[in-house]
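What follows is the content of protein.cif, which has mmCIF, N, CA and C atoms:
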```cif
data_work
loop_
_atom_site.label_atom_id
_atom_site.label_comp_id
_atom_site.auth_asym_id
_atom_site.auth_seq_id
_atom_site.Cartn_x
_atom_site.Cartn_y
_atom_site.Cartn_z
N MET J 1 90.09 102.86 102.68
CA MET J 1 90.64 103.90 101.83
C MET J 1 90.83 105.17 102.66
N SER J 2 91.97 105.77 102.51
CA SER J 2 92.25 107.03 103.18
C SER J 2 91.72 108.18 102.34
N ASN J 3 91.65 109.34 102.95
CA ASN J 3 91.23 110.54 102.22
C ASN J 3 92.47 111.23 101.69
N TRP J 4 92.93 110.80 100.54
CA TRP J 4 94.10 111.40 99.91
C TRP J 4 93.67 112.66 99.18
N ASN J 5 94.50 113.71 99.27
CA ASN J 5 94.17 114.94 98.55
C ASN J 5 94.53 114.78 97.07
N PHE J 6 94.13 115.76 96.27
CA PHE J 6 94.34 115.68 94.83
C PHE J 6 95.83 115.55 94.49
N GLU J 7 96.68 116.33 95.15
CA GLU J 7 98.12 116.28 94.86
C GLU J 7 98.67 114.87 95.09
N GLN J 8 98.26 114.24 96.18
CA GLN J 8 98.73 112.89 96.48
C GLN J 8 98.20 111.87 95.47
N ARG J 9 96.91 111.98 95.12
CA ARG J 9 96.35 111.08 94.11
C ARG J 9 97.04 111.26 92.77
N TRP J 10 97.28 112.52 92.39
CA TRP J 10 97.93 112.79 91.10
C TRP J 10 99.36 112.25 91.08
N ALA J 11 100.11 112.46 92.14
CA ALA J 11 101.48 111.95 92.24
C ALA J 11 101.48 110.43 92.16
N ALA J 12 100.55 109.78 92.86
CA ALA J 12 100.44 108.32 92.81
C ALA J 12 100.13 107.87 91.40
N TRP J 13 99.23 108.58 90.73
CA TRP J 13 98.84 108.26 89.36
C TRP J 13 100.03 108.35 88.42
N LEU J 14 100.86 109.37 88.60
CA LEU J 14 102.03 109.55 87.74
C LEU J 14 103.12 108.51 87.99
N ASN J 15 103.05 107.82 89.12
CA ASN J 15 104.01 106.75 89.42
C ASN J 15 103.57 105.41 88.85
N THR J 16 102.76 105.44 87.80
CA THR J 16 102.34 104.24 87.10
C THR J 16 102.68 104.39 85.63
N GLN J 17 102.55 103.31 84.89
CA GLN J 17 102.89 103.31 83.46
C GLN J 17 101.72 103.84 82.64
N PRO J 18 101.98 104.79 81.73
CA PRO J 18 100.90 105.32 80.89
C PRO J 18 100.44 104.32 79.83
N THR J 19 99.23 104.52 79.34
CA THR J 19 98.69 103.73 78.23
C THR J 19 98.35 104.68 77.10
N LEU J 20 97.80 104.15 76.04
CA LEU J 20 97.39 105.00 74.92
C LEU J 20 96.22 105.90 75.29
N LEU J 21 95.40 105.46 76.24
CA LEU J 21 94.28 106.28 76.71
C LEU J 21 94.74 107.11 77.90
N ALA J 22 94.52 108.41 77.83
CA ALA J 22 94.95 109.29 78.92
C ALA J 22 94.25 108.96 80.24
N SER J 23 93.06 108.39 80.17
CA SER J 23 92.30 108.09 81.39
C SER J 23 92.75 106.81 82.07
N ASP J 24 93.59 106.01 81.41
CA ASP J 24 94.00 104.72 81.95
C ASP J 24 95.51 104.68 82.20
N ARG J 25 95.90 103.85 83.14
CA ARG J 25 97.32 103.58 83.43
C ARG J 25 97.45 102.10 83.72
N ILE J 26 98.70 101.65 83.83
CA ILE J 26 98.99 100.26 84.21
C ILE J 26 99.74 100.30 85.54
N ASP J 27 99.20 99.58 86.53
CA ASP J 27 99.81 99.61 87.86
C ASP J 27 101.01 98.68 87.94
N CYS J 28 101.61 98.60 89.12
CA CYS J 28 102.82 97.81 89.33
C CYS J 28 102.60 96.30 89.14
N ASP J 29 101.35 95.86 89.17
CA ASP J 29 101.03 94.45 88.97
C ASP J 29 100.59 94.16 87.54
N GLY J 30 100.62 95.18 86.67
CA GLY J 30 100.21 95.00 85.28
C GLY J 30 98.71 95.11 85.05
N ARG J 31 97.97 95.58 86.05
CA ARG J 31 96.52 95.73 85.90
C ARG J 31 96.20 97.13 85.39
N ILE J 32 95.17 97.22 84.58
CA ILE J 32 94.73 98.52 84.06
C ILE J 32 93.85 99.20 85.11
N ILE J 33 94.12 100.47 85.35
CA ILE J 33 93.33 101.28 86.28
C ILE J 33 92.83 102.51 85.54
N ARG J 34 91.74 103.07 85.99
CA ARG J 34 91.12 104.22 85.33
C ARG J 34 90.98 105.37 86.33
N TRP J 35 91.42 106.56 85.91
CA TRP J 35 91.45 107.74 86.80
C TRP J 35 90.12 107.95 87.50
N ASP J 36 89.02 107.92 86.78
CA ASP J 36 87.74 108.25 87.40
C ASP J 36 87.16 107.13 88.26
N GLU J 37 87.89 106.04 88.43
CA GLU J 37 87.44 104.95 89.30
C GLU J 37 88.27 104.87 90.59
N TYR J 38 88.91 106.00 90.94
CA TYR J 38 89.67 106.07 92.19
C TYR J 38 88.75 105.75 93.38
N GLY J 39 89.25 104.92 94.28
CA GLY J 39 88.53 104.60 95.51
C GLY J 39 87.42 103.59 95.34
N GLN J 40 87.24 103.07 94.13
CA GLN J 40 86.17 102.10 93.87
C GLN J 40 86.75 100.70 93.74
N ASP J 41 85.98 99.72 94.17
CA ASP J 41 86.37 98.32 94.05
C ASP J 41 85.69 97.75 92.81
N THR J 42 86.14 98.24 91.65
CA THR J 42 85.56 97.88 90.36
C THR J 42 86.64 97.29 89.46
N ALA J 43 86.27 96.93 88.25
CA ALA J 43 87.21 96.32 87.31
C ALA J 43 88.45 97.18 87.09
N PHE J 44 88.30 98.50 87.09
CA PHE J 44 89.43 99.41 86.88
C PHE J 44 89.66 100.32 88.09
N GLY J 45 89.09 99.95 89.21
CA GLY J 45 89.22 100.75 90.43
C GLY J 45 90.62 100.69 91.01
N TRP J 46 91.00 101.76 91.69
CA TRP J 46 92.35 101.82 92.25
C TRP J 46 92.35 102.58 93.57
N HIS J 47 93.41 102.34 94.31
CA HIS J 47 93.66 103.00 95.59
C HIS J 47 95.05 103.61 95.54
N VAL J 48 95.32 104.52 96.44
CA VAL J 48 96.68 105.02 96.62
C VAL J 48 97.39 104.00 97.51
N ASP J 49 98.57 103.58 97.08
CA ASP J 49 99.34 102.55 97.77
C ASP J 49 100.69 103.12 98.18
N HIS J 50 101.19 102.69 99.31
CA HIS J 50 102.55 103.07 99.73
C HIS J 50 103.55 102.12 99.07
N ILE J 51 104.55 102.65 98.42
CA ILE J 51 105.59 101.83 97.81
C ILE J 51 106.34 101.09 98.92
N THR J 52 106.79 101.82 99.92
CA THR J 52 107.33 101.22 101.14
C THR J 52 106.24 101.35 102.20
N PRO J 53 105.70 100.24 102.70
CA PRO J 53 104.60 100.30 103.66
C PRO J 53 104.94 101.13 104.90
N VAL J 54 103.94 101.78 105.44
CA VAL J 54 104.11 102.58 106.65
C VAL J 54 104.65 101.70 107.78
N ALA J 55 104.22 100.45 107.84
CA ALA J 55 104.70 99.53 108.88
C ALA J 55 106.20 99.27 108.78
N LEU J 56 106.77 99.56 107.60
CA LEU J 56 108.20 99.36 107.41
C LEU J 56 108.95 100.67 107.33
N GLY J 57 108.34 101.73 107.81
CA GLY J 57 109.01 103.03 107.83
C GLY J 57 108.66 103.94 106.68
N GLY J 58 107.75 103.53 105.79
CA GLY J 58 107.32 104.38 104.68
C GLY J 58 106.51 105.56 105.17
N THR J 59 106.45 106.60 104.35
CA THR J 59 105.73 107.82 104.72
C THR J 59 104.65 108.12 103.68
N ASP J 60 103.88 109.18 103.93
CA ASP J 60 102.86 109.63 103.00
C ASP J 60 103.42 110.65 102.01
N GLU J 61 104.74 110.79 101.94
CA GLU J 61 105.33 111.71 100.96
C GLU J 61 104.99 111.21 99.56
N VAL J 62 104.80 112.16 98.62
CA VAL J 62 104.36 111.79 97.28
C VAL J 62 105.32 110.83 96.59
N ARG J 63 106.59 110.87 96.89
CA ARG J 63 107.53 109.95 96.23
C ARG J 63 107.35 108.50 96.70
N ASN J 64 106.60 108.29 97.77
CA ASN J 64 106.35 106.95 98.28
C ASN J 64 104.94 106.46 97.94
N LEU J 65 104.25 107.16 97.07
CA LEU J 65 102.88 106.79 96.73
C LEU J 65 102.78 106.35 95.28
N ARG J 66 101.89 105.39 95.03
CA ARG J 66 101.62 104.96 93.67
C ARG J 66 100.15 104.56 93.58
N ALA J 67 99.62 104.62 92.38
CA ALA J 67 98.27 104.14 92.13
C ALA J 67 98.35 102.64 91.93
N ARG J 68 97.44 101.91 92.57
CA ARG J 68 97.45 100.46 92.45
C ARG J 68 96.03 99.95 92.40
N HIS J 69 95.79 98.99 91.51
CA HIS J 69 94.47 98.38 91.40
C HIS J 69 94.03 97.92 92.79
N TYR J 70 92.76 98.06 93.07
CA TYR J 70 92.29 97.76 94.43
C TYR J 70 92.59 96.32 94.84
N LEU J 71 92.53 95.36 93.90
CA LEU J 71 92.81 93.97 94.25
C LEU J 71 94.26 93.77 94.70
N GLY J 72 95.19 94.36 93.96
CA GLY J 72 96.60 94.26 94.33
C GLY J 72 96.90 94.95 95.64
N ASN J 73 96.27 96.10 95.85
CA ASN J 73 96.50 96.85 97.08
C ASN J 73 95.97 96.08 98.29
N CYS J 74 94.79 95.51 98.17
CA CYS J 74 94.22 94.74 99.29
C CYS J 74 95.03 93.48 99.55
N ARG J 75 95.48 92.82 98.48
CA ARG J 75 96.27 91.59 98.64
C ARG J 75 97.61 91.88 99.33
N ALA J 76 98.29 92.93 98.89
CA ALA J 76 99.60 93.26 99.47
C ALA J 76 99.46 93.64 100.94
N GLY J 77 98.47 94.45 101.25
CA GLY J 77 98.25 94.83 102.64
C GLY J 77 97.91 93.63 103.50
N GLY J 78 97.16 92.70 102.92
CA GLY J 78 96.80 91.49 103.65
C GLY J 78 98.01 90.62 103.94
N LEU J 79 98.93 90.50 102.98
CA LEU J 79 100.12 89.69 103.19
C LEU J 79 100.99 90.27 104.30
N LEU J 80 101.17 91.59 104.27
CA LEU J 80 101.99 92.23 105.30
C LEU J 80 101.35 92.08 106.66
N GLY J 81 100.04 92.35 106.74
CA GLY J 81 99.33 92.22 108.01
C GLY J 81 99.33 90.79 108.52
N ASN J 82 99.11 89.84 107.62
CA ASN J 82 99.10 88.43 108.03
C ASN J 82 100.47 87.99 108.53
N ALA J 83 101.52 88.44 107.87
CA ALA J 83 102.87 88.07 108.30
C ALA J 83 103.14 88.58 109.71
N MET J 84 102.66 89.78 109.99
CA MET J 84 102.88 90.35 111.33
C MET J 84 102.03 89.62 112.37
N ARG J 85 100.79 89.32 112.03
CA ARG J 85 99.92 88.63 112.97
C ARG J 85 100.38 87.20 113.26
N GLU J 86 100.92 86.53 112.24
CA GLU J 86 101.34 85.14 112.41
C GLU J 86 102.74 85.02 113.00
N ASN J 87 103.39 86.14 113.26
CA ASN J 87 104.73 86.15 113.84
C ASN J 87 105.73 85.36 113.01
N ARG J 88 105.58 85.39 111.69
CA ARG J 88 106.53 84.70 110.82
C ARG J 88 107.85 85.44 110.76
N LEU J 89 107.86 86.68 111.24
CA LEU J 89 109.02 87.53 111.04
C LEU J 89 109.75 87.81 112.34
N THR J 90 109.96 86.78 113.12
CA THR J 90 110.57 86.96 114.43
C THR J 90 112.04 86.57 114.45
N ARG J 91 112.64 86.30 113.27
CA ARG J 91 114.01 85.79 113.28
C ARG J 91 115.00 86.73 113.93
N ASN J 92 114.73 88.05 113.94
CA ASN J 92 115.64 88.99 114.60
C ASN J 92 115.23 89.27 116.04
N LEU J 93 114.14 88.64 116.47
CA LEU J 93 113.66 88.86 117.83
C LEU J 93 113.68 87.58 118.66
N GLY J 94 114.29 86.53 118.16
CA GLY J 94 114.21 85.24 118.85
C GLY J 94 112.79 84.74 118.73
N ASN J 95 112.20 84.30 119.82
CA ASN J 95 110.82 83.82 119.79
C ASN J 95 109.84 84.84 120.32
N ALA J 96 110.29 86.05 120.57
CA ALA J 96 109.39 87.08 121.09
C ALA J 96 108.45 87.55 119.98
N PRO J 97 107.15 87.65 120.26
CA PRO J 97 106.21 88.14 119.24
C PRO J 97 106.34 89.65 119.09
N PHE J 98 105.86 90.15 117.94
CA PHE J 98 105.79 91.60 117.79
C PHE J 98 104.79 92.12 118.81
N PRO J 99 105.04 93.29 119.38
CA PRO J 99 104.07 93.84 120.32
C PRO J 99 102.82 94.27 119.58
N THR J 100 101.66 93.93 120.10
CA THR J 100 100.41 94.38 119.49
C THR J 100 99.99 95.68 120.15
N ASN J 101 99.04 96.37 119.55
CA ASN J 101 98.55 97.59 120.17
C ASN J 101 97.90 97.30 121.51
N ALA J 102 97.28 96.11 121.63
CA ALA J 102 96.68 95.75 122.91
C ALA J 102 97.76 95.69 123.99
N MET J 103 98.94 95.14 123.65
CA MET J 103 100.04 95.05 124.60
C MET J 103 100.59 96.44 124.91
N MET J 104 100.53 97.33 123.89
CA MET J 104 101.12 98.65 124.03
C MET J 104 100.09 99.68 124.49
N GLY J 105 98.83 99.26 124.67
CA GLY J 105 97.80 100.18 125.09
C GLY J 105 97.16 100.93 123.94
N GLY J 106 97.42 100.51 122.69
CA GLY J 106 96.84 101.18 121.54
C GLY J 106 95.55 100.51 121.12
N ILE J 107 95.08 100.85 119.91
CA ILE J 107 93.84 100.25 119.42
C ILE J 107 94.10 99.57 118.09
N GLY J 108 93.38 98.49 117.80
CA GLY J 108 93.42 97.81 116.51
C GLY J 108 94.80 97.30 116.14
N GLY J 109 94.92 96.60 115.04
CA GLY J 109 96.14 96.17 114.39
C GLY J 109 97.36 95.93 115.25
N MET J 110 98.45 96.56 114.85
CA MET J 110 99.72 96.24 115.48
C MET J 110 100.59 97.47 115.59
N SER J 111 101.33 97.58 116.63
CA SER J 111 102.27 98.68 116.79
C SER J 111 103.46 98.47 115.88
N ARG J 112 104.24 99.49 115.70
CA ARG J 112 105.45 99.39 114.89
C ARG J 112 106.40 98.36 115.47
N PRO J 113 106.94 97.45 114.64
CA PRO J 113 107.89 96.48 115.17
C PRO J 113 109.21 97.16 115.54
N PRO J 114 109.98 96.57 116.43
CA PRO J 114 111.28 97.14 116.77
C PRO J 114 112.14 97.27 115.52
N PHE J 115 113.04 98.24 115.50
CA PHE J 115 113.83 98.54 114.31
C PHE J 115 114.60 97.33 113.80
N ASN J 116 115.16 96.51 114.71
CA ASN J 116 115.96 95.38 114.25
C ASN J 116 115.13 94.33 113.52
N ALA J 117 113.82 94.38 113.65
CA ALA J 117 112.96 93.44 112.94
C ALA J 117 112.47 94.01 111.61
N MET J 118 112.63 95.31 111.40
CA MET J 118 112.10 95.93 110.19
C MET J 118 112.74 95.38 108.92
N ALA J 119 114.04 95.13 108.94
CA ALA J 119 114.70 94.60 107.75
C ALA J 119 114.15 93.22 107.41
N ALA J 120 113.95 92.38 108.41
CA ALA J 120 113.40 91.04 108.17
C ALA J 120 111.97 91.15 107.65
N LEU J 121 111.19 92.03 108.20
CA LEU J 121 109.82 92.23 107.77
C LEU J 121 109.77 92.71 106.33
N HIS J 122 110.62 93.66 106.00
CA HIS J 122 110.67 94.18 104.63
C HIS J 122 111.08 93.09 103.64
N GLU J 123 112.07 92.29 104.00
CA GLU J 123 112.54 91.20 103.13
C GLU J 123 111.42 90.20 102.89
N ASP J 124 110.70 89.81 103.94
CA ASP J 124 109.62 88.85 103.81
C ASP J 124 108.49 89.44 102.97
N TRP J 125 108.18 90.71 103.18
CA TRP J 125 107.13 91.38 102.41
C TRP J 125 107.48 91.38 100.93
N LEU J 126 108.73 91.70 100.59
CA LEU J 126 109.14 91.71 99.19
C LEU J 126 109.06 90.31 98.58
N ASN J 127 109.45 89.29 99.32
CA ASN J 127 109.39 87.92 98.82
C ASN J 127 107.96 87.47 98.55
N HIS J 128 106.99 87.92 99.35
CA HIS J 128 105.60 87.54 99.16
C HIS J 128 104.98 88.23 97.95
N ARG J 129 105.53 89.35 97.53
CA ARG J 129 104.97 90.10 96.41
C ARG J 129 105.36 89.49 95.07
N LYS J 130 106.36 88.62 95.05
CA LYS J 130 106.82 88.03 93.79
C LYS J 130 105.88 86.99 93.26
#
```

structure tokens encoding of this file:
Amino acid sequence: MSNWNFEQRWAAWLNTQPTLLASDRIDCDGRIIRWDEYGQDTAFGWHVDHITPVALGGTDEVRNLRARHYLGNCRAGGLLGNAMRENRLTRNLGNAPFPTNAMMGGIGGMSRPPFNAMAALHEDWLNHRK
């Protein structure tokens, strides 16, 4: 979980569907989330999620943020990360793997894929979310 400020959390919260209870909303996956359970991995816990993932060029601007139940957020991040690690998205790169941070001298995870692979990555990510 990142340290999102109040403005970012509030904007993300407003990018969800309201319910009859002011303290609850419905996220993009249809799960109920509760305002006071932000950052918790509980029945109604939620995280701030990027609508367009940072790995695909998304930013931390409030228009790209939404509140999402922690299970959906972890699952979506896992699918995107797994797709990158398994090199399933190399159709625009031939057989060349995405460069990892180790190859690029960085730490952890993976470096940004080349721009010509971003469209393929985004398409695959969207297909996995269905």

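For the pair CA of His50 (chain J) and atom C of Leu71 (chain J), the interatomic distance is 13.4 Å.
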
Legend entry - Option closest in space to Glu7 (chain J), from J:Arg31, J:Arg25, J:His69, J:Arg63 [counting only C-alpha atoms]: J:Arg63

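If you measure from each of J:Arg9, J:Leu65, J:Ala55, J:Arg34 to Leu21 (chain J) using only C-alpha atoms, the closest one turns out to be J:Arg34.
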
Legend entry - Evaluate the PyMOL selection byres (((chain J and resi 14 and name CA) around 12) and name CA) and report residues as an NGL selection string: :J and (7-13 or 15-19 or 22-28 or 35 or 48 or 62-68)

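Separating atom N of Phe44 (chain J) from atom C of Trp4 (chain J) is a distance of 19.4 Å.
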
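Taking CA of Gly72 (chain J) and CA of Thr59 (chain J) as the two end points, the separation is 19.4 Å.
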
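Between Tyr70 (chain J) and the residues J:Gly45, J:Asp29, J:Asp36, J:Leu20, the shortest atom-to-atom distance, using all atoms listed in the file, involves J:Gly45.
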